[in-house]
Amino acid sequence: MNGFPKKLEKRLKDREDNMALRSLSEQAAVIDFASNDYIGFSSSKLIFDNTHKSLIEKGIHQNGATGSRLLSGNHPLYVETETMLTTFHNAEAALIFNSGYDANVGFFSSVPQRGDIILYDEFIHASIRDGIKMSNARSYKFNHNDIDDLKQRLQQTRENKKSSSEPLEVYVVTESVFSMDGDTPDLGAFSTFCKENKCQLIIDEAHATGVFGDNGVGLVQQLGLEDSVFARIHTFGKAMGCHGAAILGSSELKSYLVNFARSFIYTTGLPPHSLVTIQTALIELQTTLEIEKLKQNILFFQQKLEETKQRSLFIESNSAIHCCIISGNEKIKKIASQIQERGFDVKPILSPTVPDGKERLRFCLHSYNTKEELAEVLELLATFTKN
């Protein structure tokens, strides 16, 4: 067997030299400020037990999907779950994908066509970027949450396309809560802009699902913008504590994705257990008190930032994600390690995941974090940033 390729070896060495080499570590028994399990659903015994009970009652003892949904994997539970999602999210149609990554790659690689334009926020998630790279459309980024810059980008692209006889479709892409910043764009302004300029608006709701809106329906519904959004992406692996994702939109969009989204067509479907877990989590969202507990913890965390005079270090956020900017991979890793040694799982986010100089500590808040834990972790941060 030949040795490991030199080019790959160099890339790993470069990562190591920049203090940015990733590795897998075992889960430790620490206080959680790192996971996306915002309302504790991933470890909910009630959801676990109700899922098992539902499978038994339905007489389902099947472990796998057996194939793709277009072959043998389209279990009747898919229809049930997608119907529940359309009702819960006030949508015309829903199509379930195996993950948020699959949903975004499938959508952006197939929907925008050659001659179309994709305008995307510069901080958009990697899964959307990967889908865009696979698209035949032209793509341009705009400054983070900046409507004015978006307007300029749109004008420039339309000027450049004036000579073309092809019909031009423009897709504008943003997130309702950004995973690496925790902040939120003015979705109302984006909606108005897209209506006025005849653009198709796509919003990834991954970190808003289960956190914002009545019963955790998301920010789009909280703001009453369902009818002005071409596609919404909701994932189930964060606040809902299970697995998979769905794209919400028109019946025509669903039909198109079934026919052309390769990450949907060429993959084995989700097993029945995953589908019933999604159903159970949707039901639990409508009665749980955990969303309100999370909101109270977010408010408490913000108050403690003021009291400890650390507000200026943090990106403005009303979500469950709060990021403290501390430049430099080596420095941010050291502070994270010091906090972790005290039993708090706070993760450093390093470049190149975020821009160089914008390295950060990412605090994910949960309904199950106590007030004492929230206060102590900020006290530790204040201590270690002064050293």
# chains A, B, ... in the order shown; residues from 1 in each chain; ligands from 1
$ select_by_dssp --residues "range 138-361 of chain A" --states "strand (DSSP E or B)" --output "count of residues only"
40
$ closest_atom_pairs --of "range 30-144 of chain A" --to "range 233-237 of chain A" --cutoff "12 Å" --atoms "only C-alpha atoms" --output "tab-separated table"
residue	atom	partner	partner_atom	distance
A:Ser35	CA	A:Gly237	CA	10.4
A:Asn36	CA	A:Gly237	CA	7.8
A:Asp37	CA	A:Gly237	CA	8.0
A:Tyr38	CA	A:Gly237	CA	10.4
A:Ile39	CA	A:Gly237	CA	11.7
A:Gly40	CA	A:Gly237	CA	11.5
A:Phe41	CA	A:Gly237	CA	9.7
A:Ser42	CA	A:Gly237	CA	8.4
A:Leu85	CA	A:His234	CA	9.7
A:Thr86	CA	A:His234	CA	11.5
A:Phe88	CA	A:His234	CA	11.7
A:His89	CA	A:His234	CA	9.6
A:Ala91	CA	A:Ile233	CA	11.6
A:Ala94	CA	A:Ile233	CA	9.6
A:Leu95	CA	A:Ile233	CA	9.8
A:Ile96	CA	A:Thr235	CA	9.4
A:Phe97	CA	A:Thr235	CA	9.1
A:Asn98	CA	A:Thr235	CA	9.5
A:Ser99	CA	A:Thr235	CA	6.9
A:Gly100	CA	A:Thr235	CA	5.4
A:Tyr101	CA	A:Thr235	CA	9.1
A:Asp102	CA	A:Thr235	CA	10.4
A:Ala103	CA	A:Ile233	CA	7.4
A:Asn104	CA	A:Ile233	CA	7.6
A:Val105	CA	A:Ile233	CA	11.3
A:Gly106	CA	A:Ile233	CA	11.3
A:Phe107	CA	A:Ile233	CA	9.6
A:Phe108	CA	A:Ile233	CA	11.6
A:Ser127	CA	A:Ile233	CA	11.6
A:Ile128	CA	A:Ile233	CA	10.7
$ residues_around --residues "Ile335 in chain A" --least-positions-apart "3" --cutoff "8 Å" --atoms "only C-alpha atoms" --output "list in words"
Lys331, Ile332, Gln338, Ile339, Leu381, Phe384 and Thr385 of chain A
$ write_last_selection --atoms "all heavy atoms" --output "compact mmCIF listing (two decimals), in the first residue's frame"
# COMPACT_ATOMS: atom_id res chain seq x y z
N LYS A 331 -5.32 31.49 21.74
CA LYS A 331 -5.88 32.14 22.93
C LYS A 331 -7.25 31.59 23.27
O LYS A 331 -7.55 31.29 24.44
CB LYS A 331 -5.94 33.65 22.72
CG LYS A 331 -6.40 34.42 23.95
CD LYS A 331 -6.33 35.91 23.73
CE LYS A 331 -6.74 36.68 24.99
NZ LYS A 331 -6.68 38.14 24.79
N ILE A 332 -8.10 31.43 22.24
CA ILE A 332 -9.47 30.98 22.50
C ILE A 332 -9.48 29.53 22.97
O ILE A 332 -10.28 29.13 23.83
CB ILE A 332 -10.36 31.17 21.24
CG1 ILE A 332 -11.85 31.18 21.62
CG2 ILE A 332 -10.11 30.14 20.19
CD1 ILE A 332 -12.30 32.41 22.30
N GLN A 338 -9.53 26.13 30.02
CA GLN A 338 -9.60 26.51 31.43
C GLN A 338 -11.03 26.38 31.96
O GLN A 338 -11.26 25.92 33.09
CB GLN A 338 -9.09 27.94 31.62
CG GLN A 338 -7.58 28.07 31.41
CD GLN A 338 -7.14 29.52 31.42
OE1 GLN A 338 -7.78 30.39 30.82
NE2 GLN A 338 -6.03 29.81 32.11
N ILE A 339 -12.00 26.79 31.15
CA ILE A 339 -13.40 26.69 31.56
C ILE A 339 -13.83 25.22 31.62
O ILE A 339 -14.54 24.78 32.55
CB ILE A 339 -14.31 27.50 30.62
CG1 ILE A 339 -13.99 29.00 30.75
CG2 ILE A 339 -15.79 27.25 30.93
CD1 ILE A 339 -14.74 29.88 29.77
N LEU A 381 -15.53 33.00 32.80
CA LEU A 381 -15.12 33.70 31.59
C LEU A 381 -14.47 35.04 31.93
O LEU A 381 -13.40 35.38 31.38
CB LEU A 381 -16.32 33.93 30.68
CG LEU A 381 -16.05 34.73 29.40
CD1 LEU A 381 -15.10 33.98 28.47
CD2 LEU A 381 -17.36 35.04 28.67
N PHE A 384 -10.88 34.44 33.31
CA PHE A 384 -9.86 33.96 32.37
C PHE A 384 -9.56 34.94 31.25
O PHE A 384 -8.47 34.92 30.67
CB PHE A 384 -10.25 32.59 31.82
CG PHE A 384 -10.32 31.53 32.87
CD1 PHE A 384 -11.40 30.66 32.94
CD2 PHE A 384 -9.32 31.39 33.82
CE1 PHE A 384 -11.48 29.68 33.91
CE2 PHE A 384 -9.38 30.41 34.80
CZ PHE A 384 -10.45 29.56 34.86
N THR A 385 -10.52 35.79 30.89
CA THR A 385 -10.25 36.78 29.84
C THR A 385 -9.37 37.92 30.38
O THR A 385 -8.74 38.64 29.59
CB THR A 385 -11.55 37.36 29.26
OG1 THR A 385 -12.38 37.84 30.35
CG2 THR A 385 -12.30 36.33 28.44
$ atom_distance --atom1 "CA of Asn329 in chain A" --atom2 "CA of Pro348 in chain A"
8.3 Å
$ select_by_dssp --residues "range 59-133 of chain A" --states "helix (DSSP H, G or I)" --output "MDAnalysis selection string"
chainID A and resid 76:88 100:110 126:133
$ write_last_selection --atoms "C-alpha atoms" --output "PDB file, in the first residue's frame"
ATOM      1  CA  PRO A  76     -46.829   5.179   5.428  1.00  0.00           C
ATOM      2  CA  LEU A  77     -45.362   7.017   8.439  1.00  0.00           C
ATOM      3  CA  TYR A  78     -43.792   9.493   6.001  1.00  0.00           C
ATOM      4  CA  VAL A  79     -47.225  10.655   4.854  1.00  0.00           C
ATOM      5  CA  GLU A  80     -48.416  10.948   8.468  1.00  0.00           C
ATOM      6  CA  THR A  81     -45.343  12.915   9.543  1.00  0.00           C
ATOM      7  CA  GLU A  82     -45.316  15.276   6.561  1.00  0.00           C
ATOM      8  CA  THR A  83     -49.019  15.975   7.107  1.00  0.00           C
ATOM      9  CA  MET A  84     -48.319  16.798  10.759  1.00  0.00           C
ATOM     10  CA  LEU A  85     -45.515  19.139   9.675  1.00  0.00           C
ATOM     11  CA  THR A  86     -47.708  21.038   7.202  1.00  0.00           C
ATOM     12  CA  THR A  87     -50.331  21.578   9.906  1.00  0.00           C
ATOM     13  CA  PHE A  88     -47.825  22.531  12.600  1.00  0.00           C
ATOM     14  CA  GLY A 100     -30.491  19.407   7.386  1.00  0.00           C
ATOM     15  CA  TYR A 101     -27.328  18.965   5.357  1.00  0.00           C
ATOM     16  CA  ASP A 102     -29.129  16.700   2.886  1.00  0.00           C
ATOM     17  CA  ALA A 103     -32.025  19.147   2.654  1.00  0.00           C
ATOM     18  CA  ASN A 104     -29.840  22.148   1.873  1.00  0.00           C
ATOM     19  CA  VAL A 105     -27.565  20.318  -0.547  1.00  0.00           C
ATOM     20  CA  GLY A 106     -30.600  18.823  -2.301  1.00  0.00           C
ATOM     21  CA  PHE A 107     -32.423  22.127  -2.584  1.00  0.00           C
ATOM     22  CA  PHE A 108     -29.598  24.390  -3.717  1.00  0.00           C
ATOM     23  CA  SER A 109     -28.036  21.886  -6.104  1.00  0.00           C
ATOM     24  CA  SER A 110     -31.314  21.322  -7.953  1.00  0.00           C
ATOM     25  CA  ALA A 126     -21.702  25.294   5.138  1.00  0.00           C
ATOM     26  CA  SER A 127     -24.468  22.955   3.938  1.00  0.00           C
ATOM     27  CA  ILE A 128     -26.009  25.782   1.904  1.00  0.00           C
ATOM     28  CA  ARG A 129     -22.607  26.776   0.524  1.00  0.00           C
ATOM     29  CA  ASP A 130     -21.971  23.188  -0.536  1.00  0.00           C
ATOM     30  CA  GLY A 131     -25.334  23.034  -2.288  1.00  0.00           C
ATOM     31  CA  ILE A 132     -24.650  26.322  -4.046  1.00  0.00           C
ATOM     32  CA  LYS A 133     -21.282  25.005  -5.290  1.00  0.00           C
TER      33      LYS A 133
END
$ closest_residue --among "A:Phe301, A:Phe230, A:Phe190, A:Phe264" --to "Asp149 in chain A" --atoms "only C-alpha atoms"
A:Phe190
$ residues_around --residues "Gly343 in chain A" --least-positions-apart "3" --cutoff "8 Å" --atoms "only C-alpha atoms" --output "number ranges by chain"
A: 30-31, 339-340
$ residues_around --residues "Asn297 in chain A" --least-positions-apart "6" --cutoff "10 Å" --atoms "only C-alpha atoms" --output "ChimeraX atom specification"
/A:291,303,320,365-371,374
